[in-house]
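Below: the structure, in structure tokens.
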There are 2 protein chains.
Amino acid sequence: MAEKSVVTLGVTLEALVEAKKYTTLRDILVTMNALDIASLFEDVPEEKLPLLFRLLPKELAAETFVEMEPDAQELLIRGFSDNELKEVVDELYVDDAVDIVEEMPANVVKRILKQADPEMRKMINEILKYPDDSAGSIMTTEYVSLRPHMTAEEAIKRIRRTGVDKETIYTCYVTESNRKLVGMISLRTLLLCEDDDVMSDVMETNVISVNTLEDQESVVQMLAKYDWSAMPVVDQENRLVGIVTIDDAIDVLQEETTEDFEKLAGMTPTDKPYLRTGVGETWKSRIPWLLVLMFSATVTSMVLTGFEESLAACSALIAFIPMLTGTGGNSGTQSSVAVIRALSLGEVEFSDILRVIWKEIRVGVLCGITLACCNFAKLILIDRMLLGNAGVTTPVATVICMTMVFTVLCAKSVGCLLPLLAEKIHLDPAVMASPFISTVVDVTTLLIYFQVARVILHI
Amino acid sequence: MAEKSVVTLGVTLEALVEAKKYTTLRDILVTMNALDIASLFEDVPEEKLPLLFRLLPKELAAETFVEMEPDAQELLIRGFSDNELKEVVDELYVDDAVDIVEEMPANVVKRILKQADPEMRKMINEILKYPDDSAGSIMTTEYVSLRPHMTAEEAIKRIRRTGVDKETIYTCYVTESNRKLVGMISLRTLLLCEDDDVMSDVMETNVISVNTLEDQESVVQMLAKYDWSAMPVVDQENRLVGIVTIDDAIDVLQEETTEDFEKLAGMTPTDKPYLRTGVGETWKSRIPWLLVLMFSATVTSMVLTGFEESLAACSALIAFIPMLTGTGGNSGTQSSVAVIRALSLGEVEFSDILRVIWKEIRVGVLCGITLACCNFAKLILIDRMLLGNAGVTTPVATVICMTMVFTVLCAKSVGCLLPLLAEKIHLDPAVMASPFISTVVDVTTLLIYFQVARVILHI
């Protein structure tokens with residue numbers, strides 16, 4: 001619904017720009033959401049952008065600026081006078097300012113920091129210090145802090161006075177004069193208090209906080225788990241330095257999920273949207289794993305070459321190699337993806353390894369037997385009788401189906417073990433497990449196949 | 001940090017239960033978070049659970065109850081007196097009550113509804129009407145509604161009076177007497193207003209809402225996109241019936257992501273955690289796609305059988321089949337996962353099909369040529385010279401590498417097309433695309449391989 005109206009408006013806007021109806025344009029834009037304006041501006045020709053942007057009132061301009069793509073932001077900044085830049089920077093929240101600064105070339109960053117007021121500049125520099133993907137790097141320093149001796153009335157007054165510049169006012173943190181975090185209180189609780197209740201009596205003292213260096217993903221998982229709207233971030237001395245808010249957490253969650261998908265499919269994660277990533281960049285993110293996997297298939301080729309004579313003796317076996325390796329690969333992927341996801345949701349950890357294996361073995365036996373039985377029927381009824389493939393004798397079908405059982409069992413075990421082992425040695429389960437499974441499974445499948453064939457068919 | 005303390009406490013608790021130190025136990029439990037208590041209770045023997053639960057104060061008991069697994073909830077309810085059940089139900093938010101009701105057997109549901117007060121019962125029944133996975137089914141009806149003529153002072157008074165029962169008080173909705181949604185205002189704006197400002201002047205009138213029947217995933221994506229803490233849900237007549245809050249949205253997001261992973265790996269989605277799903281259930285979720293894919297590999301077998309003679313004439317070709325189909329499969333999966341993720345994040349839609357194909361074709365050519373060149377060098381240097389595989393002549397290597405280029409190109413095109421087409425005909429891209437890609441790619445790879453071999457090797 002919202003999407004559609006944006007598209008229709010886009011057409012009208014272009015006509016209005018052409019006709020120079022700027023007052024009408026402004027009247028339309030002010031009714032819109034910053035995010036929608038930003039996505040509208042994406043389709044506007046570059047040279048019209050500064051003009052359109054200047055139509056927006058100050059606050060909306062800053063909100064829209066935050067939502068734009070880095071290229072457009074850079075273009076606008078380069079066109080801004082110092083005064084205009086200052087106006088936008090003054091309206092930004094510090095975490096948004098940091099996001100922008102991180103994407104800009106050095107000379108633009110210098111201009112931004114020069115226009116920021118000293119306190120803002122200090123906060124930006126502080127956050128920039130923290131390593132990528134740490135809690136410190138995604139936090140904001142604009143939170144409401146209260147003191148233990150304040151009354152509810154004083155607290156609410158303080159929020160009303162200082163709240164306008166804070167990222168959220170809905171969770172307030174109670175700190176002592178040395179900035180030590182001693183409690184938190186929601187605005188909801190505050191509003192439901194009596195005016196003269198004292199913070200130290202009504203605050204929640206069992207505050208869970210994270211360290212500035214904590215991995216951003218675990219911060220987000222904790223926020224999601226506890227259903228909180230913000231998570232306090234403290235330094236090594238347990239002094240409150242910032243908060244991570246839920247809206248930023250969701251963005252991180254979406255990013256990390258995309259990364260997990262990309263890793264599972266053997267791609268190096270990129271943080272740009274699909275259509276904005278150039279061909280060269282996409283190639284660079286995809287080629288490494290393709291090469292690694294292609295070379296690792298050398299082992300598979302060697303196994304096949306080694307059994308060339310057996311294959312020549314019973315050529316019917318060749319036709320079913322892709323089916324066997326394929327089913328093995330699919331079985332292994334199912335287990336590994338289930339375990340990878342369980343690991344990333346915190347449902348499973350390395351110490352559960354025995355329970356996981358025991359489960360996968362039983363599932364593997366069940367799946368293997370089901371597949372083998374169905375396959376036997378298919379081989380005899382379809383391949384032999386319907387398609388008249390004389391090579392598919394009962395012994396050959398037996399070889400194929402016995403291989404199926406062992407392959408599925410092996411694949412399921414390997415599939416659940418690899419991510420757990422990767423986690424144990426602190427490698428990313430998604431990166432390490434998935435691509436290797438196919439190679440490991442291919443090789444074991446072929447070895448099992450030829451071993452079974454040798455025993456049953458005496459080749 | 002938090003995790004660790006839970007584990008350690010678990011040990012202590014058991015000792016305390018054994019020693020019947022209930023007062024100490026209670027003192028410890030009241031300092032804890034409901035979610036942590038619930039996960040602690042999971043490891044407690046069944047017969048001790050009701051006893052431990054009764055130690056909790058009323059409100060904490062209800063919060064803990066919400067976080068427990070359905071089995072434990074059922075166990076507790078069956079042990080509750082009518083009075084105890086009423087106490088818990090009275091403390092529940094309506095959306096949590098609905099979640100519980102949905103998991104319980106009919107006779108337990110009847111008891112719950114009987115103990116709920118009439119208004120709660122009406123709200124539960126209303127929400128239960130909506131289809132699974134719709135906005136209506138995940139919304140709560142406990143929101144703050146204000147009237148357009150209210151002043152800020154009146155509004156805040158109303159919130160302080162009624163807020164305790166509301167799921168969130170941070171976003172308030174302004175409705176006319178016929179419940180038509182006309183605006184919204186955040187508690188933050190309200191607090192920063194003058195006391196005599198009137199709602200109709202200060203509220204945000206550009207409210208984006210969703211219909212009760214809207215798919216839950218798109219509701220969540222919108223919440224994430226606009227960084228809101230709640231989304232209003234309206235009926236066909238634009239009357240406000242409920243809100244979806246961000247904490248529920250995150251749960252949906254996590255669930256849907258898990259589902260996408262499961263579908264990509266060819267599993268039927270289950271909504272239970274990995275270790276809580278039984279072996280039979282896991283088998284049932286995994287076997288359908290394994291069977292489908294195994295049977296679809298019949299086509300691959302037929303192609304191979306058809307070319308049995310060519311293979312016999314040049315047996316060196318056999319050894320490289322898994323490498324070629326594997327690389328094709330990996331290339332295709334990369335494209336399909338990238339497109340599936342872009343579709344689910346709303347970065348790409350069907351109308352972008354030409355841009356997507358054009359991009360994948362260029363990436364495919366680049367990847368194909370890179371892989372072919374590296375592979376040619378590898379075949380000659382490693383397979384021929386190092387491993388002494390005499391079958392790998394220059395013409396054979398040429399066949400393999402030319403096949404590589406075409407295969408990667410085809411795989412990339414198929415990989416991006418299948419999810420887009422699935423989306424177009426309203427099938428789930430993740431379900432339809434991924435599993436079929438391997439079969440389609442296997443068959444085309446083999447056809448290309450034998451065609452190229454026939455032309456170059458004259459077999």
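Just remember, in the structure tokens the first chain shown is A, the second B, etc., residues are 1-based per chain, and ligands are 1-based in the order shown.
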Produce a table with one row for each residue of stretch 393-413 of chain B that has an atom at most 10 Å from any atom of stretch 436-451 of chain B, each row naming the nearest atom pair and its distance in Å at one decimal; use only C-alpha atoms; arrange rows by chain and rising residue number; format as a tab-separated table.
```
residue	atom	partner	partner_atom	distance
B:Val399	CA	B:Tyr449	CA	7.3
B:Ile400	CA	B:Tyr449	CA	7.2
B:Cys401	CA	B:Tyr449	CA	9.6
B:Met402	CA	B:Tyr449	CA	8.5
B:Thr403	CA	B:Tyr449	CA	5.4
B:Met404	CA	B:Thr445	CA	8.4
B:Phe406	CA	B:Ile448	CA	7.4
B:Thr407	CA	B:Thr445	CA	5.5
B:Val408	CA	B:Thr445	CA	8.8
B:Cys410	CA	B:Val441	CA	7.6
B:Ala411	CA	B:Val441	CA	5.9
B:Lys412	CA	B:Val441	CA	9.5
```
Would you pick out the contacts of A:Lys129 at 12 Å or less, using only C-alpha atoms, so that residues sharing its chain but fewer than 4 positions from it are not included, and give the list as a list in words?
Val98, Glu102, Lys122, Met123, Ile124, Asn125, Asp133, Ser134, Ala135, Gly136, Ser137, Ile138, Met139, Thr212 and Leu213 of chain A
If you keep N, CA, C and O atoms, can you produce a file of those selected residues as a PDB file, in the first residue's frame?
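part_0.pdb was written with the following content:
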```pdb
ATOM      1  N   VAL A  98      27.672   8.840  13.015  1.00  0.00           N
ATOM      2  CA  VAL A  98      28.791   7.909  12.903  1.00  0.00           C
ATOM      3  C   VAL A  98      28.648   7.043  11.654  1.00  0.00           C
ATOM      4  O   VAL A  98      29.602   6.845  10.905  1.00  0.00           O
ATOM      5  N   GLU A 102      31.373   7.026   8.625  1.00  0.00           N
ATOM      6  CA  GLU A 102      32.084   5.794   8.250  1.00  0.00           C
ATOM      7  C   GLU A 102      32.072   5.546   6.741  1.00  0.00           C
ATOM      8  O   GLU A 102      32.925   4.829   6.222  1.00  0.00           O
ATOM      9  N   LYS A 122      33.092  15.117  19.896  1.00  0.00           N
ATOM     10  CA  LYS A 122      33.707  14.239  20.886  1.00  0.00           C
ATOM     11  C   LYS A 122      33.010  12.867  20.886  1.00  0.00           C
ATOM     12  O   LYS A 122      33.647  11.823  20.897  1.00  0.00           O
ATOM     13  N   MET A 123      31.668  12.900  20.846  1.00  0.00           N
ATOM     14  CA  MET A 123      30.920  11.636  20.872  1.00  0.00           C
ATOM     15  C   MET A 123      31.189  10.802  19.626  1.00  0.00           C
ATOM     16  O   MET A 123      31.357   9.592  19.693  1.00  0.00           O
ATOM     17  N   ILE A 124      31.215  11.474  18.462  1.00  0.00           N
ATOM     18  CA  ILE A 124      31.486  10.739  17.220  1.00  0.00           C
ATOM     19  C   ILE A 124      32.841  10.058  17.310  1.00  0.00           C
ATOM     20  O   ILE A 124      32.982   8.866  17.022  1.00  0.00           O
ATOM     21  N   ASN A 125      33.854  10.818  17.729  1.00  0.00           N
ATOM     22  CA  ASN A 125      35.203  10.257  17.805  1.00  0.00           C
ATOM     23  C   ASN A 125      35.291   9.094  18.781  1.00  0.00           C
ATOM     24  O   ASN A 125      36.000   8.113  18.547  1.00  0.00           O
ATOM     25  N   ASP A 133      31.628  -4.029  14.251  1.00  0.00           N
ATOM     26  CA  ASP A 133      30.778  -5.118  14.728  1.00  0.00           C
ATOM     27  C   ASP A 133      30.836  -5.332  16.239  1.00  0.00           C
ATOM     28  O   ASP A 133      30.437  -6.381  16.726  1.00  0.00           O
ATOM     29  N   SER A 134      31.341  -4.340  16.999  1.00  0.00           N
ATOM     30  CA  SER A 134      31.272  -4.456  18.451  1.00  0.00           C
ATOM     31  C   SER A 134      30.074  -3.666  18.941  1.00  0.00           C
ATOM     32  O   SER A 134      29.519  -2.832  18.217  1.00  0.00           O
ATOM     33  N   ALA A 135      29.660  -3.937  20.177  1.00  0.00           N
ATOM     34  CA  ALA A 135      28.543  -3.198  20.764  1.00  0.00           C
ATOM     35  C   ALA A 135      28.844  -1.695  20.746  1.00  0.00           C
ATOM     36  O   ALA A 135      27.968  -0.887  20.444  1.00  0.00           O
ATOM     37  N   GLY A 136      30.111  -1.327  21.048  1.00  0.00           N
ATOM     38  CA  GLY A 136      30.484   0.083  21.067  1.00  0.00           C
ATOM     39  C   GLY A 136      30.255   0.773  19.739  1.00  0.00           C
ATOM     40  O   GLY A 136      29.864   1.941  19.694  1.00  0.00           O
ATOM     41  N   SER A 137      30.469   0.045  18.641  1.00  0.00           N
ATOM     42  CA  SER A 137      30.368   0.676  17.332  1.00  0.00           C
ATOM     43  C   SER A 137      28.923   0.916  16.905  1.00  0.00           C
ATOM     44  O   SER A 137      28.670   1.714  16.019  1.00  0.00           O
ATOM     45  N   ILE A 138      27.945   0.220  17.497  1.00  0.00           N
ATOM     46  CA  ILE A 138      26.553   0.454  17.086  1.00  0.00           C
ATOM     47  C   ILE A 138      25.759   1.188  18.158  1.00  0.00           C
ATOM     48  O   ILE A 138      24.584   1.462  17.980  1.00  0.00           O
ATOM     49  N   MET A 139      26.409   1.529  19.270  1.00  0.00           N
ATOM     50  CA  MET A 139      25.645   2.181  20.337  1.00  0.00           C
ATOM     51  C   MET A 139      25.472   3.669  20.040  1.00  0.00           C
ATOM     52  O   MET A 139      26.096   4.236  19.158  1.00  0.00           O
ATOM     53  N   THR A 212      31.416  -2.877  25.955  1.00  0.00           N
ATOM     54  CA  THR A 212      31.597  -2.193  24.669  1.00  0.00           C
ATOM     55  C   THR A 212      32.185  -3.098  23.596  1.00  0.00           C
ATOM     56  O   THR A 212      31.936  -2.902  22.416  1.00  0.00           O
ATOM     57  N   LEU A 213      32.974  -4.090  23.985  1.00  0.00           N
ATOM     58  CA  LEU A 213      33.664  -4.916  23.000  1.00  0.00           C
ATOM     59  C   LEU A 213      32.889  -6.178  22.623  1.00  0.00           C
ATOM     60  O   LEU A 213      33.309  -6.938  21.758  1.00  0.00           O
TER      61      LEU A 213
END
```
I'd like the neighbourhood of B:Val164 as a ChimeraX atom specification, where a residue qualifies if any of its atoms comes within 12 Å (using only C-alpha atoms), though same-chain residues fewer than 2 positions away should be ignored.
/A:187-193 /B:91-93,142-144,158-162,166-169
In Å, rounded to a single decimal, give me how far atom CA of B:Val252 is from atom CA of B:Val101.
17.8 Å
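Look at stretch 41-54 of chain B: the protein and nucleic acid residues within 9 Å of it, using only C-alpha atoms and passing over chain neighbours fewer than 4 places away, are Gly10, Glu14, Val17, Tyr22, Leu25, Arg26, Asp36, Ile37, Lys58, Ala61, Thr64, Phe65, Met68, Glu69, Ala72, Leu75, Leu76, Gly79 and Phe80 of chain B.
For the set A:Leu345, A:Val244, A:Ala390, A:Leu128, the residue with the smallest atom-to-atom gap to A:Glu256 is A:Leu345, counting only C-alpha atoms.
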Taking into account only C-alpha atoms, which residue in the set A:Ser285, A:Thr258, A:Thr393, A:Thr151 is nearest to chain B?
A:Thr258
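Shortest atom-to-atom contact with B:Trp358 among A:Leu386, A:Cys373, A:Val279, A:Ala19: A:Val279, counting only C-alpha atoms.
The space separating atom CA of B:Gln254 from atom CA of A:Ser229 comes to 16.4 Å.
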Considering only C-alpha atoms, extract the chain B residues located within 6 Å of chain A and return them as a ChimeraX atom specification.
/B:160,191-192,227,247,265,279,283,297,301,304-305,319-320,323,334,363
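Atom CA of A:Met203 lies 17.7 Å from atom CA of B:Pro57.
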Extract the full set of alpha helix (DSSP H) residues from stretch 338-454 of chain A according to DSSP on the backbone, and format it as a CSV table (one decimal) with C-alpha atoms, in the first residue's frame.
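Printed below is part.csv as written:
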```
chain,number,residue,atom,x,y,z
A,338,ALA,CA,19.6,-27.0,11.0
A,339,VAL,CA,22.6,-27.0,13.3
A,340,ILE,CA,24.0,-23.7,12.0
A,341,ARG,CA,20.7,-22.0,12.6
A,342,ALA,CA,20.3,-23.6,16.1
A,343,LEU,CA,23.8,-22.4,16.9
A,344,SER,CA,23.1,-18.8,15.8
A,353,ILE,CA,27.4,-32.5,20.6
A,354,LEU,CA,26.5,-36.0,21.7
A,355,ARG,CA,22.7,-35.3,21.8
A,356,VAL,CA,23.0,-33.7,18.3
A,357,ILE,CA,24.9,-36.7,16.8
A,358,TRP,CA,22.6,-39.2,18.4
A,359,LYS,CA,19.6,-37.4,17.0
A,360,GLU,CA,21.1,-37.1,13.5
A,361,ILE,CA,22.1,-40.7,13.4
A,362,ARG,CA,18.6,-41.9,14.1
A,363,VAL,CA,17.2,-39.4,11.6
A,364,GLY,CA,19.8,-40.5,9.1
A,365,VAL,CA,18.9,-44.2,9.5
A,366,LEU,CA,15.2,-43.5,9.1
A,367,CYS,CA,15.8,-41.2,6.0
A,368,GLY,CA,18.3,-43.6,4.5
A,369,ILE,CA,16.0,-46.6,4.8
A,370,THR,CA,13.0,-44.7,3.4
A,371,LEU,CA,15.0,-43.4,0.5
A,372,ALA,CA,16.6,-46.9,-0.2
A,373,CYS,CA,13.3,-48.6,-0.3
A,374,CYS,CA,11.6,-46.1,-2.6
A,375,ASN,CA,14.7,-46.1,-4.8
A,376,PHE,CA,14.7,-49.8,-5.1
A,377,ALA,CA,11.1,-49.8,-6.2
A,378,LYS,CA,11.9,-47.0,-8.6
A,394,THR,CA,18.7,-56.7,-9.0
A,395,PRO,CA,22.3,-56.8,-7.7
A,396,VAL,CA,23.0,-53.4,-9.2
A,397,ALA,CA,19.9,-52.0,-7.6
A,398,THR,CA,20.9,-53.5,-4.3
A,399,VAL,CA,24.3,-51.9,-4.5
A,400,ILE,CA,22.8,-48.5,-5.2
A,401,CYS,CA,20.3,-48.8,-2.4
A,402,MET,CA,22.8,-50.1,0.2
A,403,THR,CA,25.1,-47.2,-0.7
A,404,MET,CA,22.1,-44.9,-0.2
A,405,VAL,CA,21.6,-45.9,3.4
A,406,PHE,CA,25.3,-45.5,4.3
A,407,THR,CA,25.7,-42.3,2.4
A,408,VAL,CA,22.7,-40.6,4.0
A,409,LEU,CA,23.9,-41.7,7.5
A,410,CYS,CA,27.5,-40.4,6.8
A,411,ALA,CA,26.2,-37.2,5.3
A,412,LYS,CA,23.9,-36.5,8.2
A,413,SER,CA,26.7,-37.1,10.7
A,414,VAL,CA,29.2,-35.0,8.8
A,415,GLY,CA,26.6,-32.3,8.3
A,416,CYS,CA,25.9,-31.9,12.0
A,417,LEU,CA,29.6,-32.3,13.1
A,418,LEU,CA,31.3,-29.8,10.9
A,419,PRO,CA,29.4,-26.7,12.2
A,420,LEU,CA,29.8,-27.8,15.8
A,421,LEU,CA,33.6,-28.3,15.3
A,422,ALA,CA,33.9,-25.0,13.5
A,423,GLU,CA,32.1,-23.3,16.4
A,424,LYS,CA,34.5,-25.0,18.9
A,429,PRO,CA,30.1,-22.3,11.3
A,430,ALA,CA,28.3,-21.0,8.2
A,431,VAL,CA,31.5,-20.3,6.3
A,432,MET,CA,33.3,-23.5,7.2
A,433,ALA,CA,30.6,-26.1,7.2
A,434,SER,CA,28.5,-25.7,4.2
A,435,PRO,CA,30.9,-25.6,1.3
A,436,PHE,CA,33.1,-28.5,2.6
A,437,ILE,CA,30.1,-30.8,3.2
A,438,SER,CA,29.6,-31.3,-0.5
A,439,THR,CA,33.2,-32.2,-1.1
A,440,VAL,CA,33.5,-34.5,1.9
A,441,VAL,CA,30.1,-36.1,1.1
A,442,ASP,CA,31.0,-36.6,-2.6
A,443,VAL,CA,34.2,-38.4,-1.8
A,444,THR,CA,32.7,-40.7,0.9
A,445,THR,CA,29.7,-41.5,-1.2
A,446,LEU,CA,32.0,-42.7,-4.1
A,447,LEU,CA,34.2,-44.7,-1.7
A,448,ILE,CA,31.2,-46.4,-0.2
A,449,TYR,CA,29.6,-47.0,-3.6
A,450,PHE,CA,32.7,-48.8,-5.0
A,451,GLN,CA,33.3,-50.7,-1.8
A,452,VAL,CA,29.7,-52.0,-1.8
A,453,ALA,CA,29.9,-52.7,-5.6
A,454,ARG,CA,33.1,-54.7,-5.1
```
